[in-house]
Amino acid sequence: MGIEILFLGLIIFIAYLFTIIFERTKIPDILLLMIFGVLIGPKIFNFADTHILGKFGDILTRIALIVILFEGGTKLNVKFLKNYWDETTLLTLPTFILTAALVGIVTHYLFDLNFMQSAIAGGILGGTSSAVVVPIIKSVKIGRLSYIVLFLESAITDVLAIIITFSLIDAFKTGHIDTGLIIGKILANLIVASLFGILGAYLWSGLIQKMRAFPTNLFSTIAFIFVIYGLTELLGFNGAISSLAFGITLSNLTKLPEDIQENISFSLFAKLTNTEKVFFSELVFLLKIFFFVFLGISINFGEINTIYYGFLTTLALFLLRALIVKYIMPKKINKRDAIYLSILIPKGLAAAVLAVIPFNLGIIQDIRVTNFIYSIIFFSILISAILVAFTGKNNIVKHLFLAYFKNFKNINEELLTEVAGEKKKEIKKKL
């Protein structure tokens, strides 16, 4: 047992080293964690295998989902959603729907899955990863609009993937494939589970000040989310959705209109402190280490055909995204931002967590499907990282992208527009 604990400590320190490498080279730490998992896995050095998790794998998966959704919800600013909803929707919905459809079609014909099984596989991979996207857009030059759209897309689609996947799993269990029924169940589940999360956040915001009187209280919020999640699940609704609603509500209560705050006696309530937010981010960081090293260990590179088709499907997803950006996104975006919008589609932690659930539940019994999903996660992060590195410099790859997005604004035009806008603001202040 001493060797296992030593190994666990070394993995965490290596993960911090990967974070430093990302800051200097823009190579995502998640990609490095996956490669590390591949190296220590059974196919190369054989230091670890998937059996190390044992019976704790499923409960850790659930804990990861709860924490990811809650922490992601705390980062969703309702004002940003309102101001940038149109542009975000234009990019997010077509990408999610077409990605899910493409993956669903491929898995249907490749692994002989039925309609519902292939739809579940598609739903798992419909989103992008905030764990990869957010650090990258913080480290590159990108316009405010594109930054917020990519940020919101990564936050929303993680949630959307989880909601749709669990709703489809519930529909599969009941045996009903009626589209109207599925949509109705999704909406009903969404509304009721959200209410549990909203009421829970309202209640907790009133209790949290009292909990802070205890010397060690950082885990109390997580414990309360577990309670809300468990109660929601026991009543037959989706606990993952309630976790998300809890996070969004708790971080946005102070943004409610003043008259509403007065009516609900908001002065008695409190919001999350910076210390608590940092703690939740650290918790997600630890879960990220666990899942992406495990994912690397789990990828079976011995299944050459599955890996090959995963790579081809990933290339098709990048082509699909480039078409969506070119023909759907508004041309007021500059060419450089259009490039980042088209290449930042890495799959991530939510997809990695979701990939094992249908297999554990016996819904998809072919382990090749899980490996196919893992390979797309791996290649999507790898290709995104490579393209970010190439397009950040003056080379043929960047010029090809610039030529492809020729109908978008030149960067100089956008800068002039921004400067003019700032001057207008100054004039209005003087007036």
# chains A, B, ... in the order shown; residues from 1 in each chain; ligands from 1
$ residues_around --residues "A:Tyr340" --least-positions-apart "2" --cutoff "9 Å" --atoms "only C-alpha atoms" --output "list in words"
Ile137, Ile142, Ser146, Leu150, Lys335, Arg336, Asp337, Ala338, Ser342, Ile343, Leu344, Leu387, Val388 and Thr391 of chain A
$ residues_around --residues "A:Gly126" --least-positions-apart "4" --cutoff "7 Å" --atoms "only C-alpha atoms" --output "mmCIF file with C-alpha atoms, in the first residue's frame"
data_model
loop_
_atom_site.group_PDB
_atom_site.id
_atom_site.type_symbol
_atom_site.label_atom_id
_atom_site.label_comp_id
_atom_site.auth_asym_id
_atom_site.auth_seq_id
_atom_site.Cartn_x
_atom_site.Cartn_y
_atom_site.Cartn_z
ATOM 1 C CA PHE A 96 -23.465 20.157 -30.358
ATOM 2 C CA ILE A 97 -26.259 18.788 -32.556
ATOM 3 C CA THR A 99 -21.277 16.570 -33.459
ATOM 4 C CA ALA A 100 -23.706 14.288 -31.637
ATOM 5 C CA GLY A 122 -23.205 11.164 -29.532
ATOM 6 C CA ALA A 161 -23.883 16.753 -22.515
#
$ residues_around --residues "A:Phe280" --least-positions-apart "6" --cutoff "12 Å" --atoms "only C-alpha atoms" --output "PyMOL selection string"
chain A and resi 64+66-75+218-222+247+272-274+286-287
$ residues_around --residues "A:Gly200" --least-positions-apart "6" --cutoff "9 Å" --atoms "only C-alpha atoms" --output "JSON, numbers by chain"
{"A": [224, 225, 228, 242, 246]}
$ write_last_selection --atoms "N, CA and C atoms" --output "short mmCIF file (atom, residue, chain, number, x, y, z; two decimals), in the first residue's frame"
data_model
loop_
_atom_site.label_atom_id
_atom_site.label_comp_id
_atom_site.auth_asym_id
_atom_site.auth_seq_id
_atom_site.Cartn_x
_atom_site.Cartn_y
_atom_site.Cartn_z
N PHE A 224 -23.44 19.68 1.44
CA PHE A 224 -24.82 20.10 1.22
C PHE A 224 -25.25 19.79 -0.22
N ILE A 225 -24.34 19.96 -1.18
CA ILE A 225 -24.65 19.62 -2.58
C ILE A 225 -24.93 18.12 -2.70
N ILE A 228 -28.45 17.56 -1.57
CA ILE A 228 -29.40 17.98 -2.60
C ILE A 228 -29.42 16.97 -3.75
N SER A 242 -29.62 19.41 -10.65
CA SER A 242 -29.79 20.18 -9.41
C SER A 242 -28.45 20.72 -8.92
N PHE A 246 -27.78 24.65 -8.46
CA PHE A 246 -27.28 25.10 -7.16
C PHE A 246 -26.11 26.05 -7.35
#
$ residues_around --residues "stretch 370-378 of chain A" --least-positions-apart "3" --cutoff "6 Å" --atoms "only C-alpha atoms" --output "ChimeraX atom specification"
/A:299,306-307,310,314,347,355,367,381
$ closest_residue --among "A:Leu402, A:Leu349, A:Phe36, A:Ile364" --to "A:Phe285" --atoms "only C-alpha atoms"
A:Leu349
$ closest_residue --among "A:Pro135, A:Leu250, A:Leu160, A:Asp366" --to "A:Leu203" --atoms "only C-alpha atoms"
A:Leu250
$ atom_distance --atom1 "atom CA of A:Phe390" --atom2 "atom CA of A:Leu295"
26.4 Å
$ atom_distance --atom1 "atom CA of A:Asn77" --atom2 "atom CA of A:Ala155"
10.6 Å
$ atom_distance --atom1 "atom CA of A:Arg212" --atom2 "atom CA of A:Thr275"
11.7 Å
$ select_by_dssp --residues "stretch 291-399 of chain A" --states "helix (DSSP H, G or I)" --output "ChimeraX atom specification"
/A:291-298,304-328,335-343,349-360,367-391,396-399
$ closest_residue --among "A:Val133, A:Leu317, A:Leu361, A:Ile386" --to "A:Ala101" --atoms "only C-alpha atoms"
A:Leu317
$ residues_around --residues "A:Asn189" --least-positions-apart "5" --cutoff "10 Å" --atoms "only C-alpha atoms" --output "ChimeraX atom specification"
/A:163,167,183-184,194-195,236-239,241-242
$ closest_residue --among "A:Ala316, A:Leu102, A:Met34, A:Ile148" --to "A:Asn83" --atoms "only C-alpha atoms"
A:Ile148
$ closest_atom_pairs --of "stretch 296-377 of chain A" --to "stretch 404-408 of chain A" --cutoff "9 Å" --atoms "only C-alpha atoms" --output "Markdown table"
| residue | atom | partner | partner_atom | distance |
| --- | --- | --- | --- | --- |
| A:Val325 | CA | A:Phe405 | CA | 8.9 |
| A:Lys326 | CA | A:Phe405 | CA | 6.5 |
| A:Pro330 | CA | A:Phe408 | CA | 8.3 |
| A:Lys331 | CA | A:Phe408 | CA | 4.8 |
| A:Lys332 | CA | A:Phe408 | CA | 6.6 |
| A:Ile333 | CA | A:Phe408 | CA | 6.2 |
| A:Asn334 | CA | A:Phe408 | CA | 5.4 |
| A:Lys335 | CA | A:Phe408 | CA | 5.3 |
| A:Arg336 | CA | A:Phe405 | CA | 8.8 |
| A:Ala338 | CA | A:Phe405 | CA | 7.0 |
| A:Ile339 | CA | A:Phe405 | CA | 7.7 |
$ residues_around --residues "A:Phe22" --least-positions-apart "3" --cutoff "12 Å" --atoms "only C-alpha atoms" --output "list of chain:residue names"
A:Ala15, A:Tyr16, A:Leu17, A:Phe18, A:Thr19, A:Thr25, A:Lys26, A:Ile27, A:Pro28, A:Asp29, A:Ile30, A:Leu31, A:Leu32, A:Leu33, A:Val132, A:Pro135, A:Ile136, A:Lys138, A:Ser139, A:Ala385, A:Ala389
$ write_last_selection --atoms "C-alpha atoms" --output "PDB file, in the first residue's frame"
ATOM      1  CA  ALA A  15       0.251  17.365 -12.516  1.00  0.00           C
ATOM      2  CA  TYR A  16       1.466  20.671 -11.020  1.00  0.00           C
ATOM      3  CA  LEU A  17       4.577  20.413 -13.222  1.00  0.00           C
ATOM      4  CA  PHE A  18       2.325  19.907 -16.263  1.00  0.00           C
ATOM      5  CA  THR A  19       0.435  23.091 -15.316  1.00  0.00           C
ATOM      6  CA  THR A  25       4.371  26.180 -23.939  1.00  0.00           C
ATOM      7  CA  LYS A  26       0.536  26.241 -24.322  1.00  0.00           C
ATOM      8  CA  ILE A  27       0.528  22.408 -24.320  1.00  0.00           C
ATOM      9  CA  PRO A  28      -2.630  21.521 -22.306  1.00  0.00           C
ATOM     10  CA  ASP A  29      -1.884  19.822 -18.992  1.00  0.00           C
ATOM     11  CA  ILE A  30      -4.808  17.489 -19.654  1.00  0.00           C
ATOM     12  CA  LEU A  31      -3.051  16.165 -22.765  1.00  0.00           C
ATOM     13  CA  LEU A  32       0.135  15.585 -20.751  1.00  0.00           C
ATOM     14  CA  LEU A  33      -1.850  13.790 -18.029  1.00  0.00           C
ATOM     15  CA  VAL A 132      -8.857  22.908 -21.825  1.00  0.00           C
ATOM     16  CA  PRO A 135      -6.730  28.231 -19.893  1.00  0.00           C
ATOM     17  CA  ILE A 136      -5.940  28.509 -23.621  1.00  0.00           C
ATOM     18  CA  LYS A 138      -6.661  33.242 -21.256  1.00  0.00           C
ATOM     19  CA  SER A 139      -3.172  32.799 -22.672  1.00  0.00           C
ATOM     20  CA  ALA A 385      -3.042  21.988 -28.938  1.00  0.00           C
ATOM     21  CA  ALA A 389       0.725  26.331 -31.456  1.00  0.00           C
TER      22      ALA A 389
END
$ closest_residue --among "A:Tyr84, A:Ile411, A:Asn395, A:Ala223" --to "A:Leu145" --atoms "only C-alpha atoms"
A:Tyr84
$ closest_residue --among "A:Ala350, A:Ile248, A:Leu10, A:Leu90" --to "A:Gly123" --atoms "only C-alpha atoms"
A:Ala350
